[in-house]
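Here's query.txt, which has compact mmCIF, C-alpha atoms and all ligand atoms:
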```txt
# COMPACT_ATOMS: atom_id res chain seq x y z
CA MET A 1 -85.46 -69.83 226.89
CA THR A 2 -85.79 -68.70 230.47
CA ARG A 3 -83.60 -67.05 233.08
CA THR A 4 -83.77 -67.45 236.85
CA ILE A 5 -82.88 -64.92 239.50
CA ARG A 6 -82.48 -65.88 243.15
CA ALA A 7 -83.45 -63.07 245.50
CA THR A 8 -85.49 -61.87 248.44
CA VAL A 9 -88.48 -59.85 247.24
CA MET A 10 -90.32 -57.02 248.98
CA GLN A 11 -93.54 -55.77 247.41
CA THR A 12 -97.09 -54.64 248.11
CA PRO A 13 -99.82 -56.77 246.47
CA THR A 14 -102.46 -54.66 248.27
CA LYS A 15 -102.28 -51.20 249.72
CA ASP A 16 -102.08 -52.45 253.27
CA HIS A 17 -99.85 -55.50 252.93
CA LEU A 18 -96.08 -55.80 252.69
CA GLU A 19 -95.17 -59.17 251.21
CA VAL A 20 -91.67 -60.51 251.79
CA LEU A 21 -90.61 -63.54 249.78
CA HIS A 22 -87.38 -64.82 251.32
CA ASP A 23 -84.88 -66.54 249.05
CA VAL A 24 -87.08 -67.30 246.05
CA ALA A 25 -86.27 -68.31 242.48
CA ILE A 26 -87.96 -66.08 239.90
CA THR A 27 -88.00 -67.44 236.38
CA TYR A 28 -88.94 -65.40 233.30
CA GLU A 29 -88.94 -65.82 229.53
CA THR A 30 -86.00 -64.34 227.63
CA THR A 31 -87.18 -65.10 224.09
CA GLY A 32 -90.36 -65.35 222.04
CA ALA A 33 -93.66 -63.53 222.21
CA GLU A 34 -93.76 -63.77 226.01
CA VAL A 35 -90.30 -62.25 226.54
CA GLY A 36 -89.99 -60.72 229.98
CA THR A 37 -93.02 -62.56 231.40
CA ILE A 38 -92.53 -64.20 234.79
CA VAL A 39 -93.39 -67.89 234.50
CA GLU A 40 -92.52 -69.25 237.94
CA ILE A 41 -91.78 -68.07 241.46
CA CYS A 42 -90.92 -70.67 244.09
CA PRO A 43 -88.73 -71.05 247.18
CA PHE A 44 -85.17 -71.48 245.91
CA SER A 45 -84.88 -74.70 247.94
CA GLN A 46 -87.61 -76.21 245.72
CA HIS A 47 -86.25 -74.89 242.42
CA GLY A 48 -83.90 -77.81 241.86
CA LYS A 49 -81.56 -75.99 239.45
CA PRO A 50 -78.87 -73.35 239.85
CA ALA A 51 -79.95 -69.74 239.31
CA ASN A 52 -78.49 -67.68 236.46
CA GLU A 53 -78.03 -64.81 238.88
CA THR A 54 -78.08 -64.50 242.67
CA LEU A 55 -78.56 -61.17 244.38
CA PRO A 56 -75.93 -60.58 247.04
CA GLU A 57 -76.81 -61.13 250.71
CA GLY A 58 -78.52 -57.99 252.00
CA SER A 59 -79.93 -56.90 248.63
CA VAL A 60 -83.65 -56.93 248.03
CA LEU A 61 -85.60 -57.07 244.82
CA LEU A 62 -88.57 -54.73 244.42
CA PRO A 63 -90.94 -54.14 241.51
CA GLY A 64 -89.89 -51.27 239.22
CA LEU A 65 -91.61 -47.93 239.72
CA VAL A 66 -94.31 -46.49 237.46
CA ASP A 67 -94.16 -42.70 237.03
CA LEU A 68 -97.70 -42.00 235.83
CA HIS A 69 -97.21 -38.35 234.98
CA ILE A 70 -94.08 -36.62 233.74
CA HIS A 71 -93.39 -33.78 231.27
CA ALA A 72 -90.28 -34.79 229.36
CA PRO A 73 -89.43 -31.38 227.85
CA GLN A 74 -89.53 -29.79 231.30
CA TRP A 75 -86.49 -31.85 232.36
CA PRO A 76 -84.04 -28.91 231.94
CA GLN A 77 -86.30 -26.92 234.29
CA LEU A 78 -86.27 -29.51 237.09
CA GLY A 79 -85.69 -27.84 240.46
CA THR A 80 -86.48 -24.30 239.40
CA GLY A 81 -89.26 -21.92 238.39
CA LEU A 82 -91.82 -22.75 241.05
CA ASP A 83 -92.47 -19.18 242.16
CA LEU A 84 -95.42 -18.54 239.85
CA PRO A 85 -98.97 -19.88 239.84
CA LEU A 86 -99.74 -22.51 237.18
CA GLU A 87 -101.31 -20.17 234.61
CA ARG A 88 -98.27 -17.84 234.65
CA TRP A 89 -95.70 -20.63 235.08
CA LEU A 90 -96.94 -22.18 231.83
CA PHE A 91 -96.66 -19.03 229.73
CA GLU A 92 -93.56 -17.50 231.27
CA TYR A 93 -91.32 -20.54 231.85
CA THR A 94 -92.73 -23.73 230.47
CA PHE A 95 -94.12 -23.06 227.01
CA PRO A 96 -90.92 -21.22 225.94
CA LEU A 97 -88.83 -24.21 227.08
CA GLU A 98 -91.11 -26.80 225.46
CA ALA A 99 -91.10 -24.81 222.21
CA ARG A 100 -87.31 -25.30 221.98
CA PHE A 101 -87.80 -29.00 221.23
CA THR A 102 -88.17 -28.35 217.51
CA ASP A 103 -84.37 -28.35 217.86
CA LEU A 104 -83.80 -32.09 217.57
CA GLU A 105 -80.17 -31.87 218.65
CA PHE A 106 -81.33 -30.32 221.94
CA ALA A 107 -84.11 -32.92 222.20
CA THR A 108 -81.64 -35.77 221.66
CA ARG A 109 -79.44 -34.58 224.52
CA VAL A 110 -82.30 -33.92 226.92
CA TRP A 111 -84.11 -37.20 226.27
CA ALA A 112 -81.00 -39.34 226.76
CA ASP A 113 -80.03 -37.48 229.93
CA MET A 114 -83.53 -37.77 231.38
CA VAL A 115 -84.25 -41.42 230.55
CA THR A 116 -80.86 -42.51 231.88
CA THR A 117 -81.42 -40.63 235.14
CA LEU A 118 -84.96 -41.90 235.60
CA LEU A 119 -83.88 -45.51 235.09
CA ALA A 120 -81.13 -45.05 237.67
CA ASN A 121 -83.84 -43.82 240.05
CA GLY A 122 -85.81 -47.03 239.49
CA THR A 123 -88.47 -45.62 237.14
CA THR A 124 -88.93 -48.61 234.86
CA THR A 125 -92.17 -47.24 233.37
CA ALA A 126 -92.89 -43.60 232.54
CA VAL A 127 -96.08 -42.05 231.15
CA TYR A 128 -94.78 -39.04 229.26
CA PHE A 129 -96.22 -35.79 228.07
CA ALA A 130 -93.69 -35.11 225.30
CA SER A 131 -93.71 -31.86 223.32
CA GLN A 132 -96.14 -30.44 220.78
CA ASP A 133 -93.49 -31.23 218.16
CA LEU A 134 -94.14 -34.47 216.32
CA LYS A 135 -90.49 -35.28 215.52
CA ALA A 136 -89.25 -34.59 219.05
CA THR A 137 -92.03 -36.83 220.38
CA THR A 138 -91.05 -39.70 218.09
CA LEU A 139 -87.45 -39.18 219.14
CA LEU A 140 -88.43 -39.54 222.80
CA ALA A 141 -90.17 -42.83 222.03
CA LYS A 142 -87.04 -44.00 220.15
CA THR A 143 -84.86 -43.03 223.10
CA CYS A 144 -87.03 -45.15 225.41
CA VAL A 145 -86.76 -48.08 222.99
CA GLU A 146 -82.98 -47.71 222.80
CA LEU A 147 -82.37 -47.23 226.52
CA GLY A 148 -84.92 -49.91 227.47
CA GLN A 149 -87.45 -47.92 229.48
CA ARG A 150 -91.10 -48.96 229.31
CA ALA A 151 -93.11 -45.90 228.31
CA LEU A 152 -96.33 -44.40 227.09
CA VAL A 153 -95.42 -41.37 225.00
CA GLY A 154 -97.87 -38.63 224.05
CA ARG A 155 -97.51 -35.76 221.60
CA VAL A 156 -99.05 -32.78 223.38
CA ALA A 157 -102.05 -31.37 221.49
CA MET A 158 -102.94 -27.73 222.20
CA ASP A 159 -104.60 -25.19 219.93
CA HIS A 160 -106.63 -22.76 222.05
CA LEU A 161 -106.29 -19.15 220.94
CA THR A 162 -106.02 -17.72 224.45
CA GLY A 163 -104.88 -20.82 226.35
CA THR A 164 -101.68 -21.19 224.32
CA PRO A 165 -99.16 -18.71 222.84
CA GLU A 166 -99.21 -18.41 219.05
CA TRP A 167 -95.61 -19.66 218.85
CA TYR A 168 -96.44 -22.95 220.63
CA ARG A 169 -99.72 -24.34 219.38
CA ASP A 170 -101.36 -26.52 216.76
CA GLU A 171 -102.48 -24.35 213.86
CA SER A 172 -106.05 -25.64 213.93
CA PRO A 173 -108.12 -28.41 215.54
CA SER A 174 -107.76 -30.53 212.42
CA SER A 175 -103.98 -30.12 212.24
CA GLY A 176 -103.77 -30.99 215.95
CA VAL A 177 -105.73 -34.20 215.36
CA ALA A 178 -103.68 -35.02 212.24
CA ALA A 179 -100.38 -34.57 214.09
CA SER A 180 -101.66 -36.69 216.98
CA ARG A 181 -102.66 -39.42 214.51
CA ALA A 182 -99.24 -39.22 212.85
CA SER A 183 -97.59 -39.48 216.27
CA VAL A 184 -99.55 -42.61 217.19
CA GLU A 185 -98.57 -44.15 213.85
CA ALA A 186 -94.90 -43.17 214.18
CA ILE A 187 -94.63 -44.66 217.68
CA ARG A 188 -96.45 -47.84 216.65
CA ALA A 189 -94.09 -48.11 213.67
CA LEU A 190 -91.19 -48.50 216.11
CA ALA A 191 -92.75 -51.92 216.72
CA CYS A 192 -91.67 -52.16 220.34
CA ASP A 193 -94.33 -53.49 222.73
CA ARG A 194 -92.73 -51.69 225.64
CA VAL A 195 -93.19 -48.23 224.09
CA GLN A 196 -96.68 -47.22 223.10
CA PRO A 197 -98.48 -44.00 222.18
CA ILE A 198 -100.99 -42.15 224.31
CA ILE A 199 -103.27 -39.37 223.06
CA THR A 200 -102.53 -36.20 224.99
CA PRO A 201 -104.74 -33.12 224.98
CA ARG A 202 -102.75 -30.85 227.34
CA PHE A 203 -105.79 -29.74 229.35
CA ILE A 204 -109.11 -28.10 228.60
CA PRO A 205 -107.82 -24.49 228.89
CA ALA A 206 -105.26 -25.17 226.11
CA CYS A 207 -107.66 -26.97 223.76
CA SER A 208 -110.64 -25.95 221.64
CA ASP A 209 -113.79 -28.07 221.89
CA GLU A 210 -113.21 -29.20 218.29
CA LEU A 211 -109.74 -30.47 219.15
CA LEU A 212 -111.00 -32.28 222.27
CA GLN A 213 -113.76 -33.95 220.24
CA GLY A 214 -111.35 -34.87 217.44
CA LEU A 215 -108.93 -36.46 219.92
CA GLY A 216 -111.72 -38.38 221.67
CA ASP A 217 -112.79 -39.75 218.28
CA LEU A 218 -109.18 -40.57 217.38
CA ALA A 219 -108.62 -42.42 220.66
CA ALA A 220 -111.67 -44.59 219.93
CA GLU A 221 -110.75 -45.14 216.27
CA LEU A 222 -107.15 -46.15 216.97
CA SER A 223 -107.78 -47.79 220.38
CA VAL A 224 -105.24 -45.61 222.13
CA ARG A 225 -105.06 -44.58 225.76
CA VAL A 226 -105.61 -40.93 226.75
CA GLN A 227 -103.94 -38.64 229.27
CA THR A 228 -104.65 -35.06 230.28
CA HIS A 229 -104.72 -32.76 233.30
CA CYS A 230 -107.92 -32.63 235.31
CA SER A 231 -109.22 -30.25 238.00
CA GLU A 232 -105.67 -29.41 239.02
CA SER A 233 -106.03 -26.01 240.72
CA ASP A 234 -108.69 -23.51 241.74
CA TRP A 235 -107.93 -21.52 238.58
CA GLU A 236 -108.02 -24.53 236.24
CA HIS A 237 -111.10 -26.14 237.79
CA GLY A 238 -112.89 -22.77 237.86
CA TYR A 239 -111.96 -22.03 234.23
CA VAL A 240 -113.66 -25.22 233.04
CA LEU A 241 -116.73 -24.61 235.21
CA GLU A 242 -117.02 -21.19 233.59
CA ARG A 243 -116.29 -22.23 229.99
CA HIS A 244 -118.26 -25.48 229.93
CA GLY A 245 -120.63 -25.13 232.89
CA MET A 246 -119.43 -28.46 234.30
CA THR A 247 -116.39 -30.10 235.88
CA ASP A 248 -113.35 -31.28 233.91
CA THR A 249 -114.39 -34.90 234.39
CA GLU A 250 -117.90 -34.28 233.07
CA SER A 251 -116.61 -32.25 230.17
CA LEU A 252 -113.81 -34.64 229.17
CA ALA A 253 -116.34 -37.49 229.26
CA ARG A 254 -118.54 -35.72 226.66
CA PHE A 255 -115.59 -35.77 224.26
CA GLY A 256 -114.91 -39.48 224.76
CA LEU A 257 -111.73 -38.79 226.71
CA ILE A 258 -112.69 -40.62 229.92
CA LYS A 259 -112.34 -44.38 229.51
CA ALA A 260 -110.38 -47.36 230.81
CA GLY A 261 -106.68 -46.53 230.46
CA THR A 262 -107.23 -42.75 230.71
CA VAL A 263 -104.69 -41.12 233.04
CA LEU A 264 -105.91 -37.92 234.68
CA ALA A 265 -103.17 -35.87 236.30
CA HIS A 266 -103.79 -34.26 239.68
CA ALA A 267 -107.60 -34.28 240.06
CA ASP A 268 -107.24 -32.39 243.34
CA HIS A 269 -110.60 -30.66 243.00
CA VAL A 270 -112.76 -33.53 241.77
CA THR A 271 -116.23 -33.90 243.29
CA ASP A 272 -117.72 -37.09 244.75
CA SER A 273 -119.80 -37.41 241.63
CA ASP A 274 -116.65 -37.07 239.47
CA LEU A 275 -115.05 -39.86 241.51
CA GLN A 276 -118.05 -42.10 240.95
CA HIS A 277 -117.88 -41.40 237.24
CA LEU A 278 -114.15 -42.22 237.14
CA ALA A 279 -114.67 -45.44 239.10
CA SER A 280 -117.33 -46.68 236.71
CA SER A 281 -115.44 -45.67 233.57
CA GLY A 282 -112.16 -47.31 234.63
CA ALA A 283 -110.17 -44.08 234.19
CA GLY A 284 -107.53 -43.43 236.83
CA ILE A 285 -105.68 -40.62 238.56
CA ALA A 286 -101.99 -39.71 238.70
CA HIS A 287 -101.47 -38.31 242.20
CA CYS A 288 -98.60 -35.79 242.10
CA PRO A 289 -98.11 -34.81 245.74
CA LEU A 290 -95.12 -32.50 245.45
CA SER A 291 -96.37 -30.61 242.40
CA ASN A 292 -99.74 -30.14 244.07
CA ALA A 293 -98.04 -28.26 246.91
CA TYR A 294 -97.04 -25.61 244.35
CA PHE A 295 -99.90 -25.58 241.85
CA GLY A 296 -102.81 -27.58 243.26
CA ASP A 297 -104.10 -25.25 246.00
CA ALA A 298 -105.15 -28.41 247.84
CA VAL A 299 -103.99 -31.89 248.87
CA PHE A 300 -105.38 -34.66 246.67
CA PRO A 301 -107.64 -36.83 248.88
CA VAL A 302 -106.05 -40.13 247.92
CA ARG A 303 -107.94 -42.25 250.45
CA ARG A 304 -111.27 -40.75 249.44
CA ALA A 305 -110.52 -41.56 245.79
CA LEU A 306 -109.47 -45.14 246.59
CA SER A 307 -112.56 -45.64 248.78
CA ALA A 308 -114.69 -44.50 245.86
CA GLY A 309 -113.14 -47.31 243.81
CA VAL A 310 -110.94 -45.13 241.58
CA SER A 311 -107.54 -46.42 240.44
CA VAL A 312 -104.70 -44.16 241.56
CA GLY A 313 -100.96 -44.13 240.91
CA LEU A 314 -98.14 -41.66 241.56
CA GLY A 315 -96.50 -39.08 239.30
CA THR A 316 -93.50 -36.81 239.65
CA ASP A 317 -95.11 -34.22 237.34
CA ILE A 318 -91.61 -33.08 236.44
CA ALA A 319 -90.98 -30.14 236.48
CA GLY A 320 -94.04 -28.97 238.44
CA GLY A 321 -92.72 -31.51 240.91
CA SER A 322 -89.07 -30.75 241.51
CA GLU A 323 -87.75 -34.27 242.10
CA ALA A 324 -86.91 -37.06 239.68
CA SER A 325 -87.29 -39.90 242.16
CA LEU A 326 -90.64 -41.64 242.43
CA LEU A 327 -89.57 -43.03 245.82
CA ALA A 328 -89.25 -39.39 246.93
CA GLN A 329 -92.84 -38.92 245.74
CA CYS A 330 -93.87 -41.87 247.92
CA ALA A 331 -92.49 -40.02 250.94
CA HIS A 332 -94.22 -36.81 249.81
CA ALA A 333 -97.51 -38.69 249.38
CA VAL A 334 -97.27 -39.90 252.98
CA THR A 335 -96.32 -36.43 254.24
CA VAL A 336 -99.11 -34.52 252.49
CA SER A 337 -101.68 -37.10 253.55
CA ARG A 338 -100.68 -36.46 257.17
CA MET A 339 -101.01 -32.71 256.62
CA LEU A 340 -104.45 -33.21 255.12
CA GLU A 341 -105.51 -35.34 258.08
CA ASP A 342 -104.10 -33.04 260.76
CA GLY A 343 -104.72 -29.71 259.01
CA VAL A 344 -102.16 -26.96 258.69
CA ASP A 345 -103.39 -23.89 260.57
CA ALA A 346 -102.57 -24.04 264.29
CA ASN A 347 -105.00 -21.17 264.89
CA LYS A 348 -107.88 -23.54 264.20
CA PRO A 349 -109.06 -26.02 266.85
CA ALA A 350 -107.30 -29.36 266.45
CA ASP A 351 -110.54 -31.30 266.02
CA SER A 352 -111.66 -29.22 263.03
CA ARG A 353 -108.28 -28.48 261.47
CA GLY A 354 -107.99 -31.40 259.10
CA VAL A 355 -109.85 -34.11 257.20
CA ALA A 356 -110.23 -37.29 259.24
CA GLU A 357 -109.02 -40.62 257.79
CA SER A 358 -106.80 -39.10 255.12
CA ARG A 359 -103.41 -40.53 256.03
CA ILE A 360 -101.58 -43.20 254.10
CA ASP A 361 -98.39 -45.01 255.11
CA SER A 362 -95.26 -46.06 253.20
CA ILE A 363 -96.78 -49.39 252.24
CA ALA A 364 -99.78 -47.70 250.60
CA ALA A 365 -97.51 -45.13 248.94
CA PHE A 366 -95.29 -47.86 247.44
CA TRP A 367 -98.40 -49.70 246.30
CA LEU A 368 -99.50 -46.50 244.48
CA ALA A 369 -96.05 -46.22 242.85
CA THR A 370 -96.17 -49.82 241.58
CA VAL A 371 -99.46 -51.78 241.51
CA GLY A 372 -101.61 -48.63 241.49
CA GLY A 373 -99.80 -46.99 238.58
CA ALA A 374 -99.72 -50.26 236.63
CA ALA A 375 -103.50 -50.59 237.01
CA VAL A 376 -104.14 -47.02 235.85
CA ALA A 377 -101.84 -47.39 232.84
CA ASP A 378 -103.19 -50.89 232.20
CA LEU A 379 -99.74 -52.45 231.99
CA PRO A 380 -98.72 -55.91 233.32
CA VAL A 381 -96.07 -54.60 235.72
CA GLY A 382 -95.94 -53.34 239.32
CA LEU A 383 -95.63 -56.71 241.06
CA ILE A 384 -93.22 -59.62 240.83
CA GLU A 385 -95.87 -62.19 240.06
CA VAL A 386 -96.40 -64.97 237.50
CA GLY A 387 -97.93 -63.50 234.33
CA ARG A 388 -96.49 -60.00 234.83
CA GLN A 389 -93.36 -58.59 233.23
CA PHE A 390 -90.09 -58.80 235.12
CA ASP A 391 -89.62 -55.05 235.74
CA ALA A 392 -87.61 -54.77 238.93
CA ILE A 393 -84.95 -52.96 240.91
CA ALA A 394 -82.37 -54.26 243.38
CA VAL A 395 -81.62 -52.16 246.47
CA ARG A 396 -78.92 -52.80 249.06
CA SER A 397 -78.00 -51.25 252.38
CA GLY A 398 -76.02 -48.17 251.41
CA GLU A 399 -72.68 -46.79 252.46
CA PRO A 400 -71.90 -43.24 253.51
CA PRO A 401 -72.76 -40.72 252.16
CA SER A 402 -76.05 -42.56 251.45
CA PRO A 403 -78.24 -42.48 254.58
CA LEU A 404 -79.91 -45.79 253.70
CA ARG A 405 -78.65 -48.27 256.27
CA ARG A 406 -79.99 -51.53 257.66
CA TRP A 407 -79.07 -51.82 261.33
CA ASP A 408 -79.62 -54.93 263.46
CA LEU A 409 -82.80 -53.34 264.84
CA ASP A 410 -84.37 -53.11 261.39
CA ASP A 411 -86.85 -55.92 260.80
CA ASP A 412 -88.32 -56.36 257.32
CA THR A 413 -91.08 -53.79 257.89
CA ARG A 414 -88.65 -51.10 259.06
CA TRP A 415 -86.19 -51.93 256.30
CA PHE A 416 -88.89 -51.60 253.68
CA GLU A 417 -90.00 -48.23 255.06
CA LYS A 418 -86.40 -47.01 254.98
CA ILE A 419 -86.01 -48.14 251.37
CA VAL A 420 -89.20 -46.32 250.33
CA ARG A 421 -88.17 -43.11 252.04
CA LEU A 422 -84.41 -43.11 251.47
CA ALA A 423 -83.26 -45.20 248.51
CA ARG A 424 -81.69 -43.16 245.73
CA PRO A 425 -79.63 -44.14 242.64
CA SER A 426 -76.49 -45.00 244.58
CA ASP A 427 -78.53 -47.57 246.56
CA ILE A 428 -80.25 -49.00 243.48
CA THR A 429 -77.69 -51.44 242.11
CA ASP A 430 -79.67 -53.06 239.30
CA VAL A 431 -82.64 -52.22 237.09
CA TRP A 432 -84.51 -54.63 234.82
CA VAL A 433 -87.26 -53.89 232.30
CA GLY A 434 -88.94 -56.85 230.63
CA GLY A 435 -86.17 -59.04 232.03
CA GLN A 436 -83.46 -56.99 230.36
CA THR A 437 -80.69 -55.70 232.65
CA LEU A 438 -80.18 -51.99 232.12
CA ASN A 439 -76.97 -51.30 233.98
N1 LIG A 501 -101.54 -28.10 233.09
C1 LIG A 501 -101.31 -27.92 231.78
N2 LIG A 501 -100.03 -28.08 231.49
C2 LIG A 501 -99.42 -28.38 232.63
C3 LIG A 501 -98.07 -28.68 232.97
O1 LIG A 501 -97.16 -28.69 232.15
N3 LIG A 501 -97.83 -28.96 234.28
C4 LIG A 501 -98.82 -28.97 235.22
N4 LIG A 501 -98.52 -29.27 236.48
N5 LIG A 501 -100.07 -28.67 234.92
C5 LIG A 501 -100.37 -28.39 233.65
FE FE A 502 -98.54 -32.08 234.63
```
Represent the supplied structure as structure tokens.
Amino acid sequence: MTRTIRATVMQTPTKDHLEVLHDVAITYETTGAEVGTIVEICPFSQHGKPANETLPEGSVLLPGLVDLHIHAPQWPQLGTGLDLPLERWLFEYTFPLEARFTDLEFATRVWADMVTTLLANGTTTAVYFASQDLKATTLLAKTCVELGQRALVGRVAMDHLTGTPEWYRDESPSSGVAASRASVEAIRALACDRVQPIITPRFIPACSDELLQGLGDLAAELSVRVQTHCSESDWEHGYVLERHGMTDTESLARFGLIKAGTVLAHADHVTDSDLQHLASSGAGIAHCPLSNAYFGDAVFPVRRALSAGVSVGLGTDIAGGSEASLLAQCAHAVTVSRMLEDGVDANKPADSRGVAESRIDSIAAFWLATVGGAAVADLPVGLIEVGRQFDAIAVRSGEPPSPLRRWDLDDDTRWFEKIVRLARPSDITDVWVGGQTLN
């Protein structure tokens, strides 16, 4: 069985091209092994049959957004606690909150609240750091299955004797690996293609070498993706240089943690040689522009990474990033790229204040949030195209108090830029994941 939607599509097949498909018929499978897969896109005038659904005049269909990096148990902390540097923020605010998720009643409430809100914001795929707790992690995966969000869900492994508090850590490297194995099995046992496990060492400072090695071996044995934080801040990057005598990328690679499908969060301080390594391994980066302003000590050089051939997507890094909307992160990605290019200190001469050729525009930012993230996570989403899953959102010109408005002077390019910068849940009228309507 198939279903056809008639709509006008706006999307970014490449980072410098806005594609507008006016009045097309998009047909996708609704049953069988290929459920959700787009099988045909053609001008509606050539379709020859009525559509099952027609988007209203003025609405546009866009690919769903891929949040490549988000900490689910930090959801209750969204919008607060950003006054401390990373190393203190973790111990004073974040680990105590994450440790509460052994309380499954609390976890149930938080997960449902978060997934519902993210879907309303257009996040059809999320790559989650869950909690260290195995049961709470499985519950998050179940919540995604039930509410229909596509997700990679990782139990957070962390055992280091000084890098973690004794009340929030794996008892030993072997128990950390065993719990991670059990988490992969529990999520796979949910038997939902849309929700898959991802092995998640928190970051090198929170993990012993034995745990990192054990998780690298486990990822290979079970063929599971990996995510972790990488060269996030001066402190974190410097800590790894001191402990291992090499960069995060080099060190993670020794443990088998850098491979195709690996998602590295932040990577603000990576070297050119790290970038080359990432490009050849197929690992990718989750650029978290807002979070980096608080914890990163630097702007991630997104154009340099893309020029080096590295896959990059966007992450909210909730709650290090204080906004749920990935479209808001698109705007932040544009803004920080301009600050990197221009520089920030007016006391320096203009021609040596910034880093030339660093800026990106809204089209490139949306591409990161869709096609880029899908490539890093190795998922067939991010573009409304035959062979990919029908993960999509519908956006319409808003009404007060929403500022999103299409005036007669707004051609397609301007309208798209406005959507990327301004669309919020009240402007997002429909959300589909794998062809399933979620509203
Ligand atoms: N590094 C290790 N854990 C975290 C975290 O929860 N958030 C961020 N931004 N960086 C981290
Ligand atoms: Fe993070």
All residues 8 Å or closer to segment 174-181 of chain A, all atoms listed in the file, same chain fewer than 2 positions away omitted, as a CSV table (one decimal) with C-alpha atoms, in the coordinates of the input:
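For reference, around_33.csv as written:
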```csv
chain,number,residue,atom,x,y,z
A,134,LEU,CA,-94.1,-34.5,216.3
A,155,ARG,CA,-97.5,-35.8,221.6
A,156,VAL,CA,-99.0,-32.8,223.4
A,157,ALA,CA,-102.0,-31.4,221.5
A,158,MET,CA,-102.9,-27.7,222.2
A,159,ASP,CA,-104.6,-25.2,219.9
A,170,ASP,CA,-101.4,-26.5,216.8
A,171,GLU,CA,-102.5,-24.4,213.9
A,172,SER,CA,-106.0,-25.6,213.9
A,183,SER,CA,-97.6,-39.5,216.3
A,184,VAL,CA,-99.6,-42.6,217.2
A,185,GLU,CA,-98.6,-44.2,213.8
A,199,ILE,CA,-103.3,-39.4,223.1
A,211,LEU,CA,-109.7,-30.5,219.2
A,214,GLY,CA,-111.4,-34.9,217.4
A,215,LEU,CA,-108.9,-36.5,219.9
A,218,LEU,CA,-109.2,-40.6,217.4
```
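With all atoms listed in the file as the basis for measurement, A:His229 is the residue among A:His229, A:His17, A:Arg194, A:Arg304 that approaches ligand LIG 501 (chain A) most closely.
Separating atom CA of Glu105 of chain A from atom CA of Cys144 of chain A is a distance of 16.4 Å.
Using only C-alpha atoms, the nearest neighbour of Ile428 of chain A within the list A:Val355, A:Leu161, A:Met114, A:Leu327 is A:Leu327.
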### Task
Around ligand FE 502 (chain A), at most 8 Å away and counting all atoms listed in the file, which residues are there? Put them as an MDAnalysis selection string, please.
chainID A and resid 69:71 129 229 265:266 317:318 320
### Query
Mind listing the residues within 9 Å of ligand LIG 501 (chain A), all atoms listed in the file counted, as number ranges by chain?
A: 70-71, 74, 86-87, 89-90, 94-95, 129, 202-206, 228-230, 232-233, 236, 265-266, 288, 291-292, 294-296, 317-321
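Among A:Ser402, A:Ser307, A:Thr2, A:Ser352, the residue with the shortest atom-to-atom distance to Thr31 of chain A, counting only C-alpha atoms, is A:Thr2.
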Residues of segment 30-146 of chain A at most 9 Å from segment 379-388 of chain A: nearest atom pair and distance in Å, all atoms listed in the file, as a tab-separated table:
```
residue	atom	partner	partner_atom	distance
A:Gly36	CA	A:Arg388	CA	8.1
A:Thr37	CA	A:Arg388	CA	5.5
A:Ile38	CA	A:Val386	CA	4.8
A:Val39	CA	A:Val386	CA	5.2
A:Glu40	CA	A:Val386	CA	5.8
A:Ile41	CA	A:Val386	CA	6.8
A:Leu61	CA	A:Ile384	CA	9.0
A:Leu62	CA	A:Ile384	CA	7.6
A:Pro63	CA	A:Leu383	CA	5.4
A:Gly64	CA	A:Gly382	CA	6.4
A:Leu65	CA	A:Gly382	CA	6.9
A:Val66	CA	A:Gly382	CA	7.3
A:Thr125	CA	A:Val381	CA	8.7
```
### Query
Which protein, DNA or RNA residues have an atom at most 12 Å from (-75.0, -71.2, 240.3), counting all atoms listed in the file? List them as a ChimeraX atom specification.
/A:3-6,25,44,48-55
### Task
Kindly indicate which residue among A:Ala308, A:Ala286, A:Ile26, A:Ala423 lies nearest to Ala331 of chain A, using only C-alpha atoms for the distances.
A:Ala423
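Interatomic distance, atom CA of Ala324 of chain A to atom CA of Ala136 of chain A: 20.9 Å.
Residues surrounding Ser281 of chain A within 10 Å are Ala253, Ile258, Lys259, Ala260, Gly261, Thr262, Leu275, Gln276, His277, Leu278, Gly284 and Val310 of chain A [all atoms listed in the file; sequence separation below 3 positions excluded].
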### Query
Mind pulling up the distance from atom CA of Pro289 of chain A to atom CA of Arg150 of chain A?
22.8 Å
### Selection: 9 Å around Gly372 of chain A, only C-alpha atoms, excl. self and same-chain fewer than 4 positions, as a list of chain:residue names
A:Lys15, A:Val66, A:Ser311, A:Val312, A:Gly313, A:Leu314, A:Phe366, A:Trp367, A:Leu368, A:Val376, A:Ala377, A:Gly382
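Omitting Leu139 of chain A and its sequence neighbours fewer than 4 positions away, and counting only C-alpha atoms, the residues within 9 Å are Leu104, Ala107, Thr108, Trp111, Leu134, Lys135, Thr143 and Cys144 of chain A.
In this comparison, which uses all atoms listed in the file, the residue of A:Ala356, A:Leu326, A:Val60, A:Ile187 approaching Met339 of chain A most closely is A:Ala356.
Of the listed residues A:Asp412, A:Glu341, A:Glu417, A:Asp361, the one whose atoms come nearest to Leu21 of chain A is A:Asp412, with distances taken using only C-alpha atoms.
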Contacts of Asp408 of chain A at 12 Å (all atoms listed in the file; same-chain gap of 5+ positions) as a compact mmCIF listing (two decimals) with C-alpha atoms, in the coordinates of the input:
```txt
# COMPACT_ATOMS: atom_id res chain seq x y z
CA GLY A 58 -78.52 -57.99 252.00
CA SER A 397 -78.00 -51.25 252.38
CA ARG A 414 -88.65 -51.10 259.06
CA TRP A 415 -86.19 -51.93 256.30
```
### Task
Find the residues with any atom within 12 Å of (-84.7, -40.5, 234.0); use all atoms listed in the file and the coordinates as given in the file, and write the answer as a ChimeraX atom specification.
/A:65-67,70-73,75-76,78,110-128,140,143-144,147-151,316,318,323-326,425
